[in-house]
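**Student:** Take a look at upload.txt, compact mmCIF, C-alpha atoms:
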```
# COMPACT_ATOMS: atom_id res chain seq x y z
CA MET A 1 110.43 90.00 87.14
CA THR A 2 107.10 91.49 88.20
CA THR A 3 103.70 90.70 86.82
CA ASP A 4 100.63 92.88 87.11
CA ARG A 5 97.71 90.84 88.37
CA TRP A 6 94.05 91.52 88.71
CA ALA A 7 91.69 89.42 90.79
CA THR A 8 87.96 89.63 91.19
CA ARG A 9 85.20 87.64 92.80
CA ARG A 10 82.06 87.02 90.81
CA ASP A 11 79.91 87.35 93.91
CA ALA A 12 81.56 90.58 95.12
CA GLY A 13 78.70 92.73 93.80
CA THR A 14 76.20 90.91 96.01
CA TRP A 15 78.20 91.18 99.25
CA ARG A 16 76.64 93.33 101.96
CA CYS A 17 77.85 94.41 105.37
CA ALA A 18 76.00 95.51 108.46
CA PRO A 19 74.82 99.14 108.46
CA ALA A 20 77.09 101.76 109.97
CA PRO A 21 76.46 102.33 113.70
CA ALA A 22 73.61 104.77 114.28
CA SER A 23 75.38 106.23 117.33
CA VAL A 24 78.17 107.70 115.20
CA ALA A 25 75.77 109.12 112.62
CA ASP A 26 73.63 110.56 115.43
CA PHE A 27 76.72 112.24 116.90
CA HIS A 28 77.55 113.88 113.58
CA ALA A 29 73.93 114.90 113.00
CA GLY A 30 74.04 116.75 116.33
CA ILE A 31 76.98 118.94 115.28
CA PHE A 32 75.85 122.48 114.51
CA GLY A 33 75.77 123.06 110.77
CA HIS A 34 76.16 119.38 109.83
CA ALA A 35 74.64 118.39 106.53
CA ALA A 36 75.10 115.26 104.49
CA THR A 37 77.63 115.68 101.70
CA PRO A 38 75.63 115.51 98.49
CA LEU A 39 76.49 112.97 95.84
CA HIS A 40 76.90 114.11 92.27
CA GLU A 41 76.59 111.70 89.39
CA VAL A 42 79.41 111.88 86.85
CA PRO A 43 78.25 109.94 83.80
CA GLU A 44 81.19 111.03 81.63
CA LEU A 45 83.69 109.53 84.05
CA ALA A 46 81.53 106.42 84.45
CA ASP A 47 81.66 105.96 80.67
CA GLU A 48 85.42 106.47 80.65
CA LEU A 49 85.91 103.89 83.40
CA GLY A 50 83.44 101.45 81.87
CA VAL A 51 81.05 101.33 84.84
CA ASP A 52 77.28 101.73 84.88
CA ARG A 53 77.10 104.67 87.26
CA LEU A 54 79.57 106.71 89.29
CA PHE A 55 78.91 109.20 92.04
CA VAL A 56 82.27 111.59 93.56
CA THR A 57 81.37 113.72 96.71
CA ALA A 58 81.98 117.44 96.52
CA ALA A 59 85.32 119.02 97.32
CA ALA A 60 84.08 119.54 100.85
CA ILE A 61 87.52 119.55 102.45
CA ALA A 62 88.67 122.61 100.52
CA ALA A 63 85.28 124.24 101.13
CA GLU A 64 86.00 124.00 104.86
CA GLY A 65 89.08 126.16 104.36
CA ALA A 66 91.71 123.42 104.32
CA GLU A 67 94.61 123.65 101.92
CA VAL A 68 94.55 120.74 99.51
CA VAL A 69 97.98 119.85 98.15
CA ARG A 70 98.35 117.27 95.39
CA ILE A 71 101.63 115.42 95.13
CA ALA A 72 103.10 113.27 92.41
CA GLY A 73 103.25 109.95 94.21
CA SER A 74 101.38 107.24 96.04
CA TYR A 75 98.95 107.54 98.93
CA ASP A 76 101.70 106.45 101.32
CA GLN A 77 103.96 109.22 100.01
CA ALA A 78 101.14 111.72 100.53
CA VAL A 79 100.77 110.55 104.15
CA VAL A 80 104.48 111.07 104.82
CA THR A 81 104.45 114.48 103.10
CA ALA A 82 101.45 115.61 105.15
CA ALA A 83 103.00 114.41 108.42
CA ARG A 84 106.26 116.25 107.69
CA ALA A 85 104.40 119.44 106.76
CA ALA A 86 102.38 119.32 109.98
CA ALA A 87 105.50 118.69 112.08
CA ASP A 88 107.17 121.76 110.58
CA GLU A 89 104.26 124.12 111.30
CA PRO A 90 103.21 124.66 114.94
CA ASP A 91 99.70 125.92 114.02
CA VAL A 92 98.90 123.11 111.57
CA VAL A 93 96.60 120.30 112.64
CA LEU A 94 97.10 116.94 110.94
CA VAL A 95 93.87 115.07 110.27
CA GLN A 96 94.21 111.80 108.37
CA ASP A 97 93.12 108.19 108.62
CA THR A 98 96.56 106.59 108.67
CA ALA A 99 97.85 105.81 112.16
CA TRP A 100 101.33 105.25 113.55
CA PRO A 101 102.71 105.06 117.10
CA GLY A 102 101.77 108.28 118.86
CA TYR A 103 99.12 109.20 116.28
CA GLU A 104 96.22 106.81 116.79
CA VAL A 105 93.32 108.81 118.26
CA VAL A 106 92.56 111.16 115.36
CA PRO A 107 92.70 108.40 112.71
CA GLY A 108 90.16 106.46 114.79
CA TRP A 109 87.82 109.45 114.72
CA VAL A 110 88.30 109.76 110.96
CA VAL A 111 87.39 106.11 110.46
CA GLU A 112 84.28 106.59 112.62
CA GLY A 113 83.42 109.51 110.37
CA TYR A 114 83.61 107.20 107.38
CA SER A 115 80.75 105.19 108.84
CA THR A 116 78.61 108.35 108.77
CA LEU A 117 79.64 109.03 105.17
CA PHE A 118 78.69 105.49 104.17
CA ARG A 119 75.32 105.80 105.92
CA GLU A 120 74.70 109.11 104.14
CA ILE A 121 75.67 107.56 100.79
CA ASP A 122 73.30 104.64 101.40
CA ASP A 123 70.49 107.04 102.31
CA ASP A 124 71.13 109.24 99.25
CA LEU A 125 71.19 106.27 96.88
CA ALA A 126 68.04 104.81 98.44
CA ALA A 127 66.27 108.18 98.02
CA ARG A 128 67.17 108.01 94.31
CA GLY A 129 65.78 104.47 94.10
CA ILE A 130 69.23 102.97 93.54
CA ASP A 131 69.93 99.63 95.20
CA ALA A 132 73.54 99.89 96.32
```
Would you write the structure of this file as structure tokens?
**Tutor:**
Amino acid sequence: MTTDRWATRRDAGTWRCAPAPASVADFHAGIFGHAATPLHEVPELADELGVDRLFVTAAAIAAEGAEVVRIAGSYDQAVVTAARAAADEPDVVLVQDTAWPGYEVVPGWVVEGYSTLFREIDDDLAARGIDA
């Protein structure tokens, strides 16, 4: 028998972490053509989910020319599907944040990139006067 469970911490909304490392954000800012991914507020979805405000970044991956493939399944299934597709195509480059033996370097870079995204999100929200 399985039971769905939900847990929450009352103080979770007040938790803060240290800012993302400036060195990573500075690296990305130095890349030709780099611009922060703009946030777009989606009030209809926020209402549907029962949250005060919700912001989803643009479909920047597809805008870069990547093929976005949606699968019916979990994130882990998507990771396996992407890895198999990349292995079958010699000119395909796999870029994802999940690591496994023999595929650790690129996921590390992706995670470093997340720190830049988080810094950009913090900056965008602060510019809007929103305390994140």
**Student:** Of the residues A:Ile130, A:Asp47, A:Val69, A:Pro101, which is the one nearest to Ala85 of chain A, using all atoms listed in the file?
**Tutor:**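 Of A:Ile130, A:Asp47, A:Val69, A:Pro101, the one nearest Ala85 of chain A, counting all atoms listed in the file, is A:Val69.
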**Student:** Can you work out which one of A:Pro21, A:Gly13, A:Gly50, A:Pro90 has the shortest atom-to-atom distance to Glu112 of chain A, counting all atoms listed in the file?
**Tutor:**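 The answer is A:Pro21, which sits nearest to Glu112 of chain A.
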**Student:** Hey, can you check how far atom CA of Val68 of chain A sits from atom CA of Glu89 of chain A?
**Tutor:** 15.6 Å
**Student:** From the list A:Ala83, A:Leu125, A:Arg119, A:Pro43, which residue is nearest Val95 of chain A when using all atoms listed in the file?
**Tutor:** A:Ala83
**Student:** Using Å and a single decimal, report how far atom CA of Thr116 of chain A sits from atom CA of Ala35 of chain A.
**Tutor:**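 Interatomic distance here is 11.0 Å.
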**Student:** Could you add the missing atoms to segment 99-115 of chain A, up to N, CA, C and O atoms, and return them as a PDB file, in the coordinates of the input?
**Tutor:**
```pdb
ATOM      1  N   ALA A  99      97.318 105.719 110.802  1.00  0.00           N
ATOM      2  CA  ALA A  99      97.850 105.810 112.160  1.00  0.00           C
ATOM      3  C   ALA A  99      99.277 105.295 112.220  1.00  0.00           C
ATOM      4  O   ALA A  99      99.717 104.526 111.354  1.00  0.00           O
ATOM      5  N   TRP A 100     100.001 105.753 113.228  1.00  0.00           N
ATOM      6  CA  TRP A 100     101.330 105.250 113.550  1.00  0.00           C
ATOM      7  C   TRP A 100     101.526 105.475 115.039  1.00  0.00           C
ATOM      8  O   TRP A 100     100.732 106.189 115.662  1.00  0.00           O
ATOM      9  N   PRO A 101     102.528 104.893 115.660  1.00  0.00           N
ATOM     10  CA  PRO A 101     102.710 105.060 117.100  1.00  0.00           C
ATOM     11  C   PRO A 101     102.751 106.541 117.489  1.00  0.00           C
ATOM     12  O   PRO A 101     103.507 107.332 116.924  1.00  0.00           O
ATOM     13  N   GLY A 102     101.872 106.900 118.413  1.00  0.00           N
ATOM     14  CA  GLY A 102     101.770 108.280 118.860  1.00  0.00           C
ATOM     15  C   GLY A 102     100.717 109.089 118.109  1.00  0.00           C
ATOM     16  O   GLY A 102     100.396 110.213 118.490  1.00  0.00           O
ATOM     17  N   TYR A 103     100.170 108.534 117.044  1.00  0.00           N
ATOM     18  CA  TYR A 103      99.120 109.200 116.280  1.00  0.00           C
ATOM     19  C   TYR A 103      98.047 108.167 115.943  1.00  0.00           C
ATOM     20  O   TYR A 103      97.975 107.658 114.829  1.00  0.00           O
ATOM     21  N   GLU A 104      97.257 107.820 116.972  1.00  0.00           N
ATOM     22  CA  GLU A 104      96.220 106.810 116.790  1.00  0.00           C
ATOM     23  C   GLU A 104      94.812 107.345 117.028  1.00  0.00           C
ATOM     24  O   GLU A 104      93.857 106.833 116.452  1.00  0.00           O
ATOM     25  N   VAL A 105      94.655 108.347 117.876  1.00  0.00           N
ATOM     26  CA  VAL A 105      93.320 108.810 118.260  1.00  0.00           C
ATOM     27  C   VAL A 105      92.587 109.463 117.088  1.00  0.00           C
ATOM     28  O   VAL A 105      91.463 109.080 116.747  1.00  0.00           O
ATOM     29  N   VAL A 106      93.208 110.447 116.463  1.00  0.00           N
ATOM     30  CA  VAL A 106      92.560 111.160 115.360  1.00  0.00           C
ATOM     31  C   VAL A 106      92.200 110.215 114.211  1.00  0.00           C
ATOM     32  O   VAL A 106      91.072 110.269 113.705  1.00  0.00           O
ATOM     33  N   PRO A 107      93.100 109.322 113.779  1.00  0.00           N
ATOM     34  CA  PRO A 107      92.700 108.400 112.710  1.00  0.00           C
ATOM     35  C   PRO A 107      91.475 107.556 113.081  1.00  0.00           C
ATOM     36  O   PRO A 107      90.642 107.262 112.229  1.00  0.00           O
ATOM     37  N   GLY A 108      91.350 107.197 114.346  1.00  0.00           N
ATOM     38  CA  GLY A 108      90.160 106.460 114.790  1.00  0.00           C
ATOM     39  C   GLY A 108      88.903 107.276 114.610  1.00  0.00           C
ATOM     40  O   GLY A 108      87.861 106.756 114.183  1.00  0.00           O
ATOM     41  N   TRP A 109      88.989 108.574 114.924  1.00  0.00           N
ATOM     42  CA  TRP A 109      87.820 109.450 114.720  1.00  0.00           C
ATOM     43  C   TRP A 109      87.489 109.570 113.232  1.00  0.00           C
ATOM     44  O   TRP A 109      86.323 109.601 112.846  1.00  0.00           O
ATOM     45  N   VAL A 110      88.527 109.655 112.407  1.00  0.00           N
ATOM     46  CA  VAL A 110      88.300 109.760 110.960  1.00  0.00           C
ATOM     47  C   VAL A 110      87.576 108.518 110.451  1.00  0.00           C
ATOM     48  O   VAL A 110      86.605 108.613 109.685  1.00  0.00           O
ATOM     49  N   VAL A 111      88.023 107.356 110.899  1.00  0.00           N
ATOM     50  CA  VAL A 111      87.390 106.110 110.460  1.00  0.00           C
ATOM     51  C   VAL A 111      85.938 106.056 110.942  1.00  0.00           C
ATOM     52  O   VAL A 111      85.041 105.627 110.212  1.00  0.00           O
ATOM     53  N   GLU A 112      85.666 106.515 112.166  1.00  0.00           N
ATOM     54  CA  GLU A 112      84.280 106.590 112.620  1.00  0.00           C
ATOM     55  C   GLU A 112      83.465 107.512 111.717  1.00  0.00           C
ATOM     56  O   GLU A 112      82.308 107.240 111.405  1.00  0.00           O
ATOM     57  N   GLY A 113      84.090 108.599 111.282  1.00  0.00           N
ATOM     58  CA  GLY A 113      83.420 109.510 110.370  1.00  0.00           C
ATOM     59  C   GLY A 113      83.074 108.856 109.050  1.00  0.00           C
ATOM     60  O   GLY A 113      82.037 109.151 108.437  1.00  0.00           O
ATOM     61  N   TYR A 114      83.913 107.932 108.615  1.00  0.00           N
ATOM     62  CA  TYR A 114      83.610 107.200 107.380  1.00  0.00           C
ATOM     63  C   TYR A 114      82.283 106.463 107.494  1.00  0.00           C
ATOM     64  O   TYR A 114      81.526 106.368 106.534  1.00  0.00           O
ATOM     65  N   SER A 115      82.007 105.929 108.689  1.00  0.00           N
ATOM     66  CA  SER A 115      80.750 105.190 108.840  1.00  0.00           C
ATOM     67  C   SER A 115      79.552 106.124 108.615  1.00  0.00           C
ATOM     68  O   SER A 115      78.548 105.718 108.040  1.00  0.00           O
TER      69      SER A 115
END
```
